[in-house]
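Asker: Questions regarding the structure given below will be posed in turn.
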Amino acid sequence: MKWSREIEEFVRWSFRYDMWCKMWIFGEKMRKAMELDKAVMTPGRRNLMEFLQDTFTLDDLNTVRRAQGMKGDATGLLRKWVQRGYCSYDAANNHYVKSPQFLAKHPKTTE
């Protein structure tokens, strides 16, 4: 037997047809599985503000930090968040409030 142009064309056509059939039958299941894998393999830590309520205290943030395996006090982190406009301090009630810009950029997801 000898390899010929017709055999090559048939092999290419057969491969493409086989892939088309698999995608037609299993494509939706594969897409869902790939989305699930992507969600599971998100690198790095999640934003700590995502774990907090819309209004929170320094103690709430320290509790979240400890739950995520972080050590130390979060006073410096809160100062950065206020400076960057992620939240603001309400002195009357002694708590922090997430900014509307942060809430618009990071909508709550139901998990």
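Going by the structure tokens order, chains are called A, B, ..., each with residues numbered from 1, while ligands are numbered from 1 in the order shown.
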Neighbours of range 96-109 of chain A within 9 Å (only C-alpha atoms; same-chain residues fewer than 6 positions away dropped), as a list of chain:residue names?
Answerer: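 Within the cut-off, the hits are A:Met49, A:Glu50, A:Gln53, A:Asp54, A:Thr55, A:Phe56, A:Thr57, A:Leu58, A:Leu78, A:Val82, A:Gly85, A:Tyr86, A:Cys87, A:Ser88, A:Tyr89, A:Asp90.
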Asker: Taking 6 positions as the minimum chain separation for residues in the same chain, which residues sit within 8 Å of Leu48 in chain A when counting only C-alpha atoms? Answer as a ChimeraX atom specification.
Answerer: /A:61,64-65
Asker: List every residue of chain A that DSSP, applied to the backbone of this structure, places in alpha helix (DSSP H), and write the result as a PyMOL selection string.
Answerer: chain A and resi 5-40+58-67+75-84+100-105
Asker: May I have the residues from that selection written out with C-alpha atoms, as a compact mmCIF listing (two decimals), in the first residue's frame?
Answerer:
# COMPACT_ATOMS: atom_id res chain seq x y z
CA ARG A 5 -3.47 12.32 -1.85
CA GLU A 6 -6.94 10.75 -1.82
CA ILE A 7 -6.18 8.84 1.39
CA GLU A 8 -4.92 12.05 3.01
CA GLU A 9 -8.08 13.94 2.02
CA PHE A 10 -10.26 11.11 3.32
CA VAL A 11 -8.41 11.01 6.65
CA ARG A 12 -8.78 14.79 7.05
CA TRP A 13 -12.48 14.65 6.14
CA SER A 14 -13.04 11.69 8.46
CA PHE A 15 -11.34 13.50 11.35
CA ARG A 16 -13.37 16.68 10.83
CA TYR A 17 -16.61 14.73 10.54
CA ASP A 18 -15.80 12.75 13.68
CA MET A 19 -15.06 15.96 15.61
CA TRP A 20 -18.25 17.58 14.32
CA CYS A 21 -20.31 14.59 15.47
CA LYS A 22 -18.72 14.62 18.91
CA MET A 23 -19.27 18.34 19.33
CA TRP A 24 -22.87 18.00 18.14
CA ILE A 25 -23.58 15.25 20.67
CA PHE A 26 -21.35 16.20 23.62
CA GLY A 27 -20.61 19.88 23.01
CA GLU A 28 -22.94 21.34 25.64
CA LYS A 29 -21.73 18.92 28.32
CA MET A 30 -18.10 19.72 27.46
CA ARG A 31 -18.76 23.48 27.60
CA LYS A 32 -20.36 23.17 31.05
CA ALA A 33 -17.50 21.00 32.32
CA MET A 34 -14.92 23.48 31.02
CA GLU A 35 -16.73 26.38 32.72
CA LEU A 36 -16.79 24.43 35.98
CA ASP A 37 -13.07 23.68 35.70
CA LYS A 38 -12.34 27.35 35.03
CA ALA A 39 -14.34 28.40 38.10
CA VAL A 40 -12.54 25.87 40.31
CA LEU A 58 -12.98 46.07 61.90
CA ASP A 59 -13.75 42.99 64.01
CA ASP A 60 -15.75 41.48 61.13
CA LEU A 61 -12.80 41.99 58.79
CA ASN A 62 -10.34 40.49 61.27
CA THR A 63 -12.61 37.46 61.63
CA VAL A 64 -12.69 36.99 57.85
CA ARG A 65 -8.90 37.36 57.66
CA ARG A 66 -8.39 34.67 60.32
CA ALA A 67 -10.84 32.36 58.51
CA THR A 75 -6.32 48.37 60.27
CA GLY A 76 -3.85 49.20 57.49
CA LEU A 77 -5.93 47.31 54.94
CA LEU A 78 -9.03 49.27 55.91
CA ARG A 79 -7.13 52.55 55.50
CA LYS A 80 -6.14 51.48 51.97
CA TRP A 81 -9.72 50.51 51.12
CA VAL A 82 -11.03 53.88 52.32
CA GLN A 83 -8.27 55.74 50.46
CA ARG A 84 -9.00 53.83 47.23
CA PRO A 100 -21.64 51.99 45.37
CA GLN A 101 -18.77 51.80 42.85
CA PHE A 102 -17.43 48.66 44.53
CA LEU A 103 -20.89 47.09 44.68
CA ALA A 104 -21.47 47.83 40.99
CA LYS A 105 -18.13 46.33 40.00
